[in-house]
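Chemist: You'll find structure12.txt just under this line, and it carries compact mmCIF, C-alpha atoms and all ligand atoms.
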```txt
# COMPACT_ATOMS: atom_id res chain seq x y z
CA MET E 14 67.47 163.20 173.74
CA SER E 15 65.72 164.57 170.67
CA LEU E 16 62.68 162.77 169.32
CA ASN E 17 63.43 159.71 167.16
CA ILE E 18 60.99 157.83 164.97
CA HIS E 19 62.01 154.31 163.95
CA SER E 20 60.82 151.79 161.38
CA ILE E 21 62.75 148.83 162.70
CA SER E 22 61.24 145.74 161.21
CA PRO E 23 58.56 144.27 158.93
CA SER E 24 55.38 143.51 160.92
CA LYS E 25 55.83 139.81 160.16
CA VAL E 26 58.74 137.76 158.81
CA ILE E 27 58.20 134.22 157.53
CA ARG E 28 61.52 132.51 156.88
CA GLY E 29 62.82 129.02 156.12
CA LYS E 30 62.21 126.20 153.67
CA GLY E 31 58.81 126.46 151.99
CA ALA E 32 58.14 129.92 153.45
CA TRP E 33 56.22 131.01 150.35
CA ASP E 34 53.66 128.17 150.60
CA LYS E 35 53.19 128.88 154.30
CA SER E 36 52.62 132.59 153.62
CA ILE E 37 49.50 132.46 151.46
CA GLU E 38 47.18 132.77 154.46
CA SER E 39 49.05 135.82 155.75
CA ILE E 40 48.89 137.36 152.26
CA THR E 41 45.10 136.86 152.09
CA LYS E 42 44.77 138.70 155.41
CA LEU E 43 46.65 141.68 153.99
CA CYS E 44 45.15 142.01 150.52
CA LYS E 45 42.57 140.63 148.10
CA ARG E 46 43.89 142.12 144.82
CA PRO E 47 47.70 142.11 145.07
CA LEU E 48 50.07 143.08 142.28
CA ILE E 49 53.12 140.85 141.85
CA LEU E 50 56.00 143.03 140.78
CA GLY E 51 59.22 141.72 139.23
CA ARG E 52 61.76 142.34 136.55
CA SER E 53 64.32 139.86 135.27
CA ASN E 54 63.66 137.01 132.85
CA SER E 55 65.43 134.63 135.18
CA THR E 56 62.74 135.08 137.87
CA LYS E 57 59.75 135.10 135.49
CA ARG E 58 58.81 131.43 135.92
CA LEU E 59 58.91 131.79 139.67
CA ARG E 60 56.68 134.87 139.57
CA ILE E 61 54.19 133.08 137.30
CA SER E 62 54.06 130.24 139.84
CA PHE E 63 53.38 132.79 142.62
CA LEU E 64 50.56 134.23 140.53
CA ASN E 65 49.06 130.79 139.92
CA ASP E 66 49.37 129.85 143.61
CA LEU E 67 47.41 132.96 144.60
CA ILE E 68 44.77 132.57 141.87
CA SER E 69 44.25 128.91 142.86
CA LYS E 70 43.44 130.13 146.39
CA GLY E 71 40.81 132.48 145.00
CA ILE E 72 42.92 135.66 145.22
CA GLN E 73 42.51 138.06 142.30
CA ALA E 74 46.24 138.64 141.72
CA PHE E 75 47.85 140.69 138.94
CA SER E 76 51.37 140.81 137.61
CA PHE E 77 53.54 143.68 136.35
CA GLU E 78 57.05 143.71 134.88
CA LEU E 79 59.46 146.50 135.65
CA LYS E 80 61.75 147.37 132.78
CA HIS E 81 64.66 149.18 134.38
CA ASP E 82 66.34 149.81 137.70
CA CYS E 83 64.17 151.37 140.44
CA CYS E 84 63.41 154.58 138.50
CA GLU E 85 60.65 157.21 138.30
CA LEU E 86 59.42 155.89 134.94
CA ASP E 87 58.90 152.30 136.13
CA ILE E 88 57.41 153.48 139.41
CA GLN E 89 54.92 155.71 137.63
CA ASN E 90 53.87 152.94 135.24
CA ALA E 91 53.41 150.37 138.01
CA TYR E 92 51.63 152.95 140.17
CA GLN E 93 49.20 153.66 137.34
CA PHE E 94 48.60 149.95 136.67
CA SER E 95 47.92 149.30 140.38
CA LYS E 96 45.47 152.17 140.54
CA GLU E 97 43.59 151.17 137.39
CA ASN E 98 43.18 147.63 138.70
CA ASN E 99 42.28 148.64 142.25
CA CYS E 100 45.20 146.68 143.67
CA ASP E 101 45.27 146.69 147.45
CA GLY E 102 48.74 145.24 147.96
CA ILE E 103 52.15 144.95 146.28
CA ILE E 104 54.12 141.71 146.32
CA ALA E 105 57.64 142.68 145.24
CA ALA E 106 59.56 139.57 144.18
CA GLY E 107 63.14 140.07 143.08
CA GLY E 108 66.47 141.65 143.97
CA GLY E 109 67.11 144.96 145.75
CA LYS E 110 65.87 147.23 142.98
CA VAL E 111 62.56 145.39 142.52
CA LEU E 112 62.03 145.36 146.30
CA ASP E 113 62.81 149.08 146.51
CA ALA E 114 60.36 149.84 143.69
CA GLY E 115 57.62 147.72 145.28
CA LYS E 116 58.03 149.34 148.69
CA LEU E 117 57.85 152.81 147.20
CA ILE E 118 54.74 152.09 145.12
CA ALA E 119 52.95 150.56 148.14
CA ASP E 120 53.95 153.61 150.17
CA LEU E 121 52.64 156.03 147.54
CA LEU E 122 49.33 154.18 147.28
CA CYS E 123 49.08 153.53 151.06
CA ILE E 124 48.46 149.81 150.44
CA SER E 125 49.97 146.64 151.95
CA CYS E 126 53.56 145.82 151.10
CA ILE E 127 54.89 142.27 150.89
CA THR E 128 58.53 141.65 149.99
CA VAL E 129 59.81 138.34 148.66
CA PRO E 130 63.59 138.59 148.19
CA LEU E 131 64.65 136.11 145.52
CA SER E 132 68.30 136.43 146.52
CA ALA E 133 70.31 137.56 149.55
CA SER E 134 71.97 140.36 147.59
CA THR E 135 70.75 143.22 149.83
CA CYS E 136 68.58 143.90 152.89
CA ALA E 137 66.07 145.87 150.77
CA GLY E 138 63.29 143.38 151.64
CA TRP E 139 63.49 144.53 155.25
CA THR E 140 63.98 148.28 155.32
CA ALA E 141 61.77 151.38 155.12
CA LEU E 142 63.98 152.94 152.48
CA SER E 143 64.05 152.97 148.66
CA ASN E 144 66.98 153.99 146.49
CA ILE E 145 65.96 155.76 143.30
CA TYR E 146 68.06 155.42 140.15
CA THR E 147 67.91 156.62 136.55
CA PRO E 148 66.52 153.99 134.16
CA ASP E 149 70.09 152.87 133.39
CA GLY E 150 71.09 152.51 137.03
CA LYS E 151 72.72 155.82 138.03
CA TYR E 152 71.99 156.53 141.68
CA ILE E 153 69.86 159.66 142.26
CA LYS E 154 68.67 159.66 145.89
CA ASP E 155 67.14 157.58 148.62
CA LYS E 156 63.67 157.98 149.97
CA THR E 157 62.59 157.19 153.51
CA LEU E 158 59.25 155.39 153.59
CA ARG E 159 56.50 155.54 156.20
CA ARG E 160 57.14 152.02 157.45
CA CYS E 161 58.85 148.68 156.84
CA PRO E 162 56.93 146.08 154.78
CA ASN E 163 53.88 144.41 156.35
CA LEU E 164 55.24 140.99 155.50
CA LEU E 165 58.64 139.68 154.45
CA ILE E 166 58.82 136.16 153.00
CA PHE E 167 62.32 134.67 152.96
CA ASP E 168 62.03 131.23 151.39
CA HIS E 169 65.31 129.33 151.71
CA ASN E 170 64.49 126.97 148.83
CA ILE E 171 64.07 129.95 146.51
CA VAL E 172 66.98 132.08 147.73
CA ARG E 173 69.33 129.08 147.76
CA ALA E 174 68.81 128.68 144.01
CA ALA E 175 69.89 132.27 143.24
CA PRO E 176 73.26 132.80 141.48
CA LYS E 177 76.27 132.66 143.83
CA ARG E 178 77.23 136.14 142.73
CA THR E 179 74.14 137.57 144.47
CA LEU E 180 75.20 136.10 147.84
CA ALA E 181 78.74 137.46 147.44
CA SER E 182 77.28 140.88 146.70
CA GLY E 183 75.03 140.61 149.78
CA ILE E 184 78.00 139.70 151.98
CA ALA E 185 80.00 142.72 150.80
CA ASP E 186 77.01 145.03 151.37
CA ALA E 187 76.32 143.59 154.85
CA ILE E 188 79.92 143.55 156.06
CA ALA E 189 80.17 147.25 155.15
CA LYS E 190 77.62 147.99 157.91
CA TRP E 191 80.28 147.55 160.60
CA TYR E 192 83.02 149.56 158.89
CA GLU E 193 80.62 152.37 158.03
CA SER E 194 78.66 152.50 161.30
CA CYS E 195 81.66 152.30 163.64
CA LEU E 196 83.23 155.22 161.82
CA THR E 197 80.20 157.50 161.91
CA SER E 198 78.47 156.40 165.12
CA SER E 199 81.15 155.24 167.59
CA THR E 200 80.84 158.47 169.61
CA SER E 201 77.04 158.35 169.79
CA GLN E 202 75.49 158.49 173.27
CA ASP E 203 72.28 156.89 171.96
CA GLY E 204 71.91 153.33 173.29
CA PHE E 205 70.01 152.22 170.20
CA VAL E 206 72.85 153.40 167.96
CA GLN E 207 75.46 151.71 170.17
CA GLN E 208 73.50 148.45 170.09
CA ALA E 209 73.10 148.66 166.32
CA VAL E 210 76.86 149.15 165.90
CA GLN E 211 77.53 146.12 168.12
CA MET E 212 75.08 144.08 166.07
CA ALA E 213 77.00 145.12 162.94
CA ARG E 214 80.19 143.85 164.61
CA VAL E 215 78.65 140.46 165.41
CA LEU E 216 77.34 140.23 161.85
CA ARG E 217 80.81 141.07 160.48
CA ASP E 218 82.34 138.26 162.58
CA GLN E 219 79.75 135.77 161.39
CA LEU E 220 80.34 136.78 157.78
CA PHE E 221 84.10 136.37 158.16
CA LEU E 222 83.61 132.97 159.81
CA ASN E 223 80.93 131.58 157.52
CA GLY E 224 80.93 133.73 154.37
CA TYR E 225 83.28 131.69 152.22
CA LYS E 226 81.73 128.36 153.27
CA ALA E 227 78.26 129.76 152.46
CA PHE E 228 79.47 130.99 149.08
CA GLN E 229 80.94 127.56 148.29
CA ASP E 230 78.09 125.43 149.62
CA PRO E 231 74.48 126.67 149.56
CA LEU E 232 73.40 123.49 151.39
CA SER E 233 75.55 124.22 154.45
CA ASN E 234 74.41 125.64 157.80
CA SER E 235 76.77 128.52 157.09
CA TRP E 236 74.59 129.44 154.12
CA GLU E 237 71.52 129.96 156.33
CA THR E 238 73.42 132.16 158.79
CA VAL E 239 75.02 134.20 156.03
CA ALA E 240 72.02 134.57 153.70
CA GLU E 241 69.76 135.65 156.57
CA GLY E 242 72.52 137.90 157.94
CA CYS E 243 72.70 139.71 154.60
CA ALA E 244 68.99 139.89 153.78
CA LEU E 245 67.49 140.23 157.28
CA THR E 246 69.92 141.17 160.10
CA ALA E 247 71.59 143.87 158.03
CA GLY E 248 68.16 145.51 157.77
CA ILE E 249 67.65 145.55 161.56
CA ILE E 250 70.92 147.44 161.98
CA GLY E 251 69.72 150.31 159.78
CA GLY E 252 66.28 150.24 161.44
CA LEU E 253 67.64 150.37 164.96
CA GLY E 254 70.58 152.69 164.37
CA GLY E 255 68.87 155.02 161.88
CA ALA E 256 70.45 156.89 159.01
CA ARG E 257 73.71 157.51 160.85
CA CYS E 258 74.35 153.78 161.07
CA ARG E 259 73.93 153.25 157.38
CA THR E 260 76.65 155.02 155.56
CA ALA E 261 80.09 156.56 155.81
CA ALA E 262 82.13 156.45 152.60
CA ALA E 263 81.53 152.99 151.07
CA HIS E 264 77.94 153.77 150.03
CA PRO E 265 78.58 157.33 148.77
CA ILE E 266 81.49 155.93 146.71
CA HIS E 267 79.08 153.30 145.34
CA ASN E 268 76.67 156.11 144.45
CA GLY E 269 79.45 157.94 142.61
CA LEU E 270 80.60 154.83 140.77
CA THR E 271 77.07 154.11 139.50
CA GLN E 272 77.32 157.34 137.46
CA LEU E 273 79.86 155.66 135.13
CA SER E 274 79.36 153.26 132.21
CA TYR E 275 80.32 149.61 132.47
CA LYS E 276 81.09 146.73 130.13
CA ASN E 277 79.43 144.40 132.67
CA LYS E 278 77.07 146.07 135.08
CA PRO E 279 78.24 145.50 138.66
CA MET E 280 75.81 144.64 141.46
CA HIS E 281 75.10 147.01 144.37
CA GLY E 282 77.18 145.07 146.92
CA GLU E 283 80.07 144.64 144.49
CA LEU E 284 80.52 148.40 144.24
CA VAL E 285 79.89 148.86 147.99
CA GLY E 286 82.61 146.28 148.74
CA PHE E 287 85.03 148.11 146.46
CA GLY E 288 83.94 151.42 148.01
CA LEU E 289 84.73 149.97 151.42
CA LEU E 290 88.34 149.34 150.42
CA ILE E 291 88.60 152.95 149.29
CA GLN E 292 87.08 154.10 152.60
CA LEU E 293 89.77 152.14 154.49
CA TYR E 294 92.49 153.74 152.37
CA LEU E 295 91.11 157.18 153.31
CA GLU E 296 91.04 156.20 156.99
CA GLU E 297 94.61 154.96 156.78
CA LYS E 298 95.74 158.28 155.26
CA ASN E 299 93.88 160.36 157.81
CA SER E 300 94.80 158.63 161.06
CA ASN E 301 97.84 157.32 162.88
CA SER E 302 96.09 154.05 163.59
CA GLN E 303 97.37 150.82 162.05
CA LEU E 304 93.88 149.33 162.23
CA PRO E 305 92.54 150.56 158.85
CA LYS E 306 95.58 149.09 157.11
CA GLN E 307 95.07 145.71 158.79
CA ALA E 308 91.34 145.77 158.11
CA LYS E 309 92.07 146.57 154.46
CA SER E 310 94.41 143.58 154.06
CA GLN E 311 91.90 141.29 155.74
CA LEU E 312 89.06 142.54 153.55
CA ILE E 313 91.03 142.39 150.29
CA ASP E 314 91.73 138.78 151.07
CA PHE E 315 88.13 137.99 152.04
CA LEU E 316 86.41 139.88 149.20
CA SER E 317 88.72 138.41 146.56
CA GLN E 318 87.72 134.90 147.72
CA LEU E 319 84.13 135.90 146.90
CA ASN E 320 85.06 137.37 143.50
CA ILE E 321 84.10 140.86 144.66
CA PRO E 322 86.06 143.46 142.64
CA ILE E 323 89.08 144.82 144.47
CA SER E 324 90.59 147.01 141.75
CA ILE E 325 89.51 149.50 139.09
CA ASP E 326 90.55 146.95 136.47
CA SER E 327 88.11 144.42 137.90
CA ILE E 328 84.98 146.62 137.92
CA TYR E 329 85.00 146.62 134.09
CA LEU E 330 84.51 150.30 133.36
CA LYS E 331 83.90 151.13 129.70
CA ASN E 332 86.22 154.07 129.95
CA PRO E 333 88.55 153.91 132.99
CA THR E 334 90.26 157.26 132.44
CA PRO E 335 91.18 159.66 135.30
CA LYS E 336 88.60 162.11 133.93
CA GLU E 337 85.86 159.50 134.16
CA LEU E 338 86.91 158.46 137.66
CA GLN E 339 86.83 162.10 138.64
CA ARG E 340 83.16 162.22 137.67
CA ALA E 341 82.41 159.49 140.20
CA CYS E 342 84.44 161.35 142.86
CA ARG E 343 82.61 164.61 142.15
CA PHE E 344 79.25 162.91 142.66
CA ALA E 345 80.41 161.14 145.83
CA CYS E 346 81.68 164.42 147.30
CA LYS E 347 78.59 166.56 146.59
CA ASP E 348 77.72 168.93 149.44
CA ASN E 349 74.84 166.84 150.78
CA SER E 350 76.70 163.51 150.48
CA ASP E 351 77.01 161.23 153.51
CA ILE E 352 80.73 161.06 152.77
CA HIS E 353 81.05 164.28 154.75
CA LYS E 354 80.00 162.36 157.88
CA LEU E 355 83.52 160.94 157.95
CA PRO E 356 85.46 162.13 161.01
CA PHE E 357 87.94 163.91 158.71
CA LYS E 358 87.57 166.28 155.76
CA ILE E 359 87.49 164.80 152.29
CA ASN E 360 87.49 166.32 148.82
CA GLU E 361 87.36 165.09 145.23
CA LYS E 362 91.14 165.13 144.87
CA ASP E 363 91.73 162.91 147.94
CA LEU E 364 89.04 160.53 146.79
CA LEU E 365 90.50 160.28 143.28
CA GLU E 366 93.90 159.48 144.74
CA ALA E 367 92.35 156.79 146.96
CA LEU E 368 90.50 155.32 143.98
CA GLN E 369 93.59 155.30 141.80
CA SER E 370 95.55 153.46 144.49
CA TYR E 371 93.41 150.45 143.49
CA GLN E 372 94.16 150.70 139.76
CA THR E 373 95.44 147.14 139.58
CA LEU E 374 95.03 144.16 141.90
CA PRO E 375 96.60 144.92 145.28
CA THR E 376 99.79 142.96 145.98
CA ILE E 377 98.29 140.78 148.69
CA SER E 378 95.74 139.34 146.28
CA LYS E 379 98.27 138.73 143.53
CA ILE E 380 100.00 136.44 146.02
CA ARG E 381 96.75 134.68 146.82
CA PHE E 382 95.81 134.15 143.17
CA LYS E 383 99.10 132.30 142.35
ZN ZN E 401 73.84 148.83 150.50
```
Would you mind writing the file's structure down as structure tokens?
Modeler:
Amino acid sequence: MSLNIHSISPSKVIRGKGAWDKSIESITKLCKRPLILGRSNSTKRLRISFLNDLISKGIQAFSFELKHDCCELDIQNAYQFSKENNCDGIIAAGGGKVLDAGKLIADLLCISCITVPLSASTCAGWTALSNIYTPDGKYIKDKTLRRCPNLLIFDHNIVRAAPKRTLASGIADAIAKWYESCLTSSTSQDGFVQQAVQMARVLRDQLFLNGYKAFQDPLSNSWETVAEGCALTAGIIGGLGGARCRTAAAHPIHNGLTQLSYKNKPMHGELVGFGLLIQLYLEEKNSNSQLPKQAKSQLIDFLSQLNIPISIDSIYLKNPTPKELQRACRFACKDNSDIHKLPFKINEKDLLEALQSYQTLPTISKIRFK
């Protein structure tokens, strides 16, 4: 076997009700002058309370607001601010893009990294990877970091209060792990990869069993299983299985779709979920197996229950013309794209056809919506 280097997990994970309050001691062991990083107005009060909690314990904490998606400009500004104030740790508190920015800044400065996901919308709080976007959210590239965060704080009381849409997005992103990893890694001889794929299967089953209940009722046991599955377990799968376990077509299609303009900006998992349906269409076209078709019907049904977009009409593009869609396909099919890890050849034209097959709501969901 060739040499493999893994960043599998944060050094410490504190999870459950009141996890933030219980974490202060661990934070003080990691840093004395942390920078709390965040972005949206909706999380501002929470971040101010984090700042006050730390200051009241005698920690010289600072706060910094990101302005855009995880982009070079924001990263540079926050990097500069951290340096000028001699910060020795980053506490990234927010959704996937804030967590990605925080991890990258801590990596660049070689200082402690603490992630506090404020929703279960992605597993970015866990992983040693940051996705870089343009300021207005167009995907550029991902960057592998030296290690996973030193500390991940997953406070159920906080995450439970996040908008339902974030959990739905997290479910779509996490369920994609199975469909993507089994396609790209099922022939791997590496035990770690095989185990990661199996873990993705178990996670998929749990999401199918508990996802809708969790979405409906944040106070249910299902919510705990599902929220932690999306924000934590999904991260282990990538850590254990490595890059090959992460993506097949759903994520590259997401990356292509982020290049377009939207009336309402979709969340990461919403586009990944839609990308997954397109991936299954491609599989159906390129194999004799009935399984992709069945999986597609099952997923259309499941994702529509969670209000995840399942048609071009429902992703609210500003300009949903074939020419515009082609732009997304061109990006997704670039030479270095992971889409070429699919076990069959794919080009822009095939992808456009697959995308256009979802122009309107698929029949199965029209029946359900009656
Ligand atoms: Zn993702």
Chemist: Check which residues of chain E sit at most 10 Å from ligand ZN 401 (chain E) using only C-alpha atoms and all ligand atoms, and return one row each with the closest pair of atoms and their distance in Å to one decimal, ordered by chain and rising number, as a tab-separated table.
Modeler:
```
residue	atom	partner	partner_atom	distance
E:Gly109	CA	E:ZN401	ZN	9.1
E:Ser134	CA	E:ZN401	ZN	9.1
E:Thr135	CA	E:ZN401	ZN	6.4
E:Cys136	CA	E:ZN401	ZN	7.6
E:Ala137	CA	E:ZN401	ZN	8.3
E:Asn144	CA	E:ZN401	ZN	9.5
E:Ser182	CA	E:ZN401	ZN	9.5
E:Gly183	CA	E:ZN401	ZN	8.3
E:Ala185	CA	E:ZN401	ZN	8.7
E:Asp186	CA	E:ZN401	ZN	5.0
E:Ala187	CA	E:ZN401	ZN	7.2
E:Ile188	CA	E:ZN401	ZN	9.8
E:Ala189	CA	E:ZN401	ZN	8.0
E:Lys190	CA	E:ZN401	ZN	8.4
E:Ala247	CA	E:ZN401	ZN	9.3
E:Gly248	CA	E:ZN401	ZN	9.8
E:Arg259	CA	E:ZN401	ZN	8.2
E:Thr260	CA	E:ZN401	ZN	8.5
E:Ala263	CA	E:ZN401	ZN	8.8
E:His264	CA	E:ZN401	ZN	6.4
E:Pro265	CA	E:ZN401	ZN	9.9
E:His267	CA	E:ZN401	ZN	8.6
E:Asn268	CA	E:ZN401	ZN	9.9
E:His281	CA	E:ZN401	ZN	6.5
E:Gly282	CA	E:ZN401	ZN	6.2
E:Glu283	CA	E:ZN401	ZN	9.6
E:Leu284	CA	E:ZN401	ZN	9.2
E:Val285	CA	E:ZN401	ZN	6.6
E:Gly286	CA	E:ZN401	ZN	9.3
```
Chemist: Write the selection just made, keeping C-alpha atoms, as a PDB file, keeping the file's coordinate frame?
Modeler:
```
ATOM      1  CA  GLY E 109      67.110 144.960 145.750  1.00  0.00           C
ATOM      2  CA  SER E 134      71.970 140.360 147.590  1.00  0.00           C
ATOM      3  CA  THR E 135      70.750 143.220 149.830  1.00  0.00           C
ATOM      4  CA  CYS E 136      68.580 143.900 152.890  1.00  0.00           C
ATOM      5  CA  ALA E 137      66.070 145.870 150.770  1.00  0.00           C
ATOM      6  CA  ASN E 144      66.980 153.990 146.490  1.00  0.00           C
ATOM      7  CA  SER E 182      77.280 140.880 146.700  1.00  0.00           C
ATOM      8  CA  GLY E 183      75.030 140.610 149.780  1.00  0.00           C
ATOM      9  CA  ALA E 185      80.000 142.720 150.800  1.00  0.00           C
ATOM     10  CA  ASP E 186      77.010 145.030 151.370  1.00  0.00           C
ATOM     11  CA  ALA E 187      76.320 143.590 154.850  1.00  0.00           C
ATOM     12  CA  ILE E 188      79.920 143.550 156.060  1.00  0.00           C
ATOM     13  CA  ALA E 189      80.170 147.250 155.150  1.00  0.00           C
ATOM     14  CA  LYS E 190      77.620 147.990 157.910  1.00  0.00           C
ATOM     15  CA  ALA E 247      71.590 143.870 158.030  1.00  0.00           C
ATOM     16  CA  GLY E 248      68.160 145.510 157.770  1.00  0.00           C
ATOM     17  CA  ARG E 259      73.930 153.250 157.380  1.00  0.00           C
ATOM     18  CA  THR E 260      76.650 155.020 155.560  1.00  0.00           C
ATOM     19  CA  ALA E 263      81.530 152.990 151.070  1.00  0.00           C
ATOM     20  CA  HIS E 264      77.940 153.770 150.030  1.00  0.00           C
ATOM     21  CA  PRO E 265      78.580 157.330 148.770  1.00  0.00           C
ATOM     22  CA  HIS E 267      79.080 153.300 145.340  1.00  0.00           C
ATOM     23  CA  ASN E 268      76.670 156.110 144.450  1.00  0.00           C
ATOM     24  CA  HIS E 281      75.100 147.010 144.370  1.00  0.00           C
ATOM     25  CA  GLY E 282      77.180 145.070 146.920  1.00  0.00           C
ATOM     26  CA  GLU E 283      80.070 144.640 144.490  1.00  0.00           C
ATOM     27  CA  LEU E 284      80.520 148.400 144.240  1.00  0.00           C
ATOM     28  CA  VAL E 285      79.890 148.860 147.990  1.00  0.00           C
ATOM     29  CA  GLY E 286      82.610 146.280 148.740  1.00  0.00           C
TER      30      GLY E 286
END
```
Chemist: Please provide the set of residues having any atom within 9 Å of Gly51 (chain E), restricted to all atoms listed in the file, with same-chain residues fewer than 4 positions apart removed, written as a PyMOL selection string.
Modeler: chain E and resi 56-57+60+76-80+104-108+111-112+115
Chemist: Name the residues, using the chain letters and numbers of the file, that sit within 10 Å of (88.4, 133.6, 147.5) when counting all atoms listed in the file, and give them as a PyMOL selection string.
Modeler: chain E and resi 225+228-229+313-321+378+381-382
Chemist: Return the single residue from E:Ala213, E:Cys44, E:Leu196, E:Val239 that is closest to Pro305 (chain E), with distances computed using all atoms listed in the file.
Modeler: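 Closest to Pro305 (chain E) of all the choices is E:Leu196.
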Chemist: Between E:Pro176, E:Ser327, E:Ile153, E:Ile27, single out the one closest to Ser350 (chain E), counting all atoms listed in the file.
Modeler: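 Closest to Ser350 (chain E) of all the choices is E:Ile153.
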Chemist: Between CA of Thr271 (chain E) and CA of Arg173 (chain E), what is the distance, to one decimal in Å?
Modeler: 27.5 Å
Chemist: Would you work out the distance separating CA of Asp120 (chain E) from CA of Ser22 (chain E), expressed in Å to one decimal?
Modeler: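 Interatomic distance, CA of Asp120 (chain E) to CA of Ser22 (chain E): 15.4 Å.
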Chemist: Write out as a PDB file with C-alpha atoms, keeping the file's coordinate frame the residues lying within 9 Å of Asp155 (chain E), counting only C-alpha atoms and excluding same-chain residues fewer than 6 positions away.
Modeler:
```pdb
ATOM      1  CA  LEU E 142      63.980 152.940 152.480  1.00  0.00           C
ATOM      2  CA  SER E 143      64.050 152.970 148.660  1.00  0.00           C
ATOM      3  CA  ASN E 144      66.980 153.990 146.490  1.00  0.00           C
ATOM      4  CA  ILE E 145      65.960 155.760 143.300  1.00  0.00           C
ATOM      5  CA  TYR E 146      68.060 155.420 140.150  1.00  0.00           C
TER       6      TYR E 146
END
```
Chemist: Give me the residues within 10 Å of Asn223 (chain E) as a PyMOL selection string, counting only C-alpha atoms and dropping any in the same chain fewer than 6 places off.
Modeler: chain E and resi 217+233-239
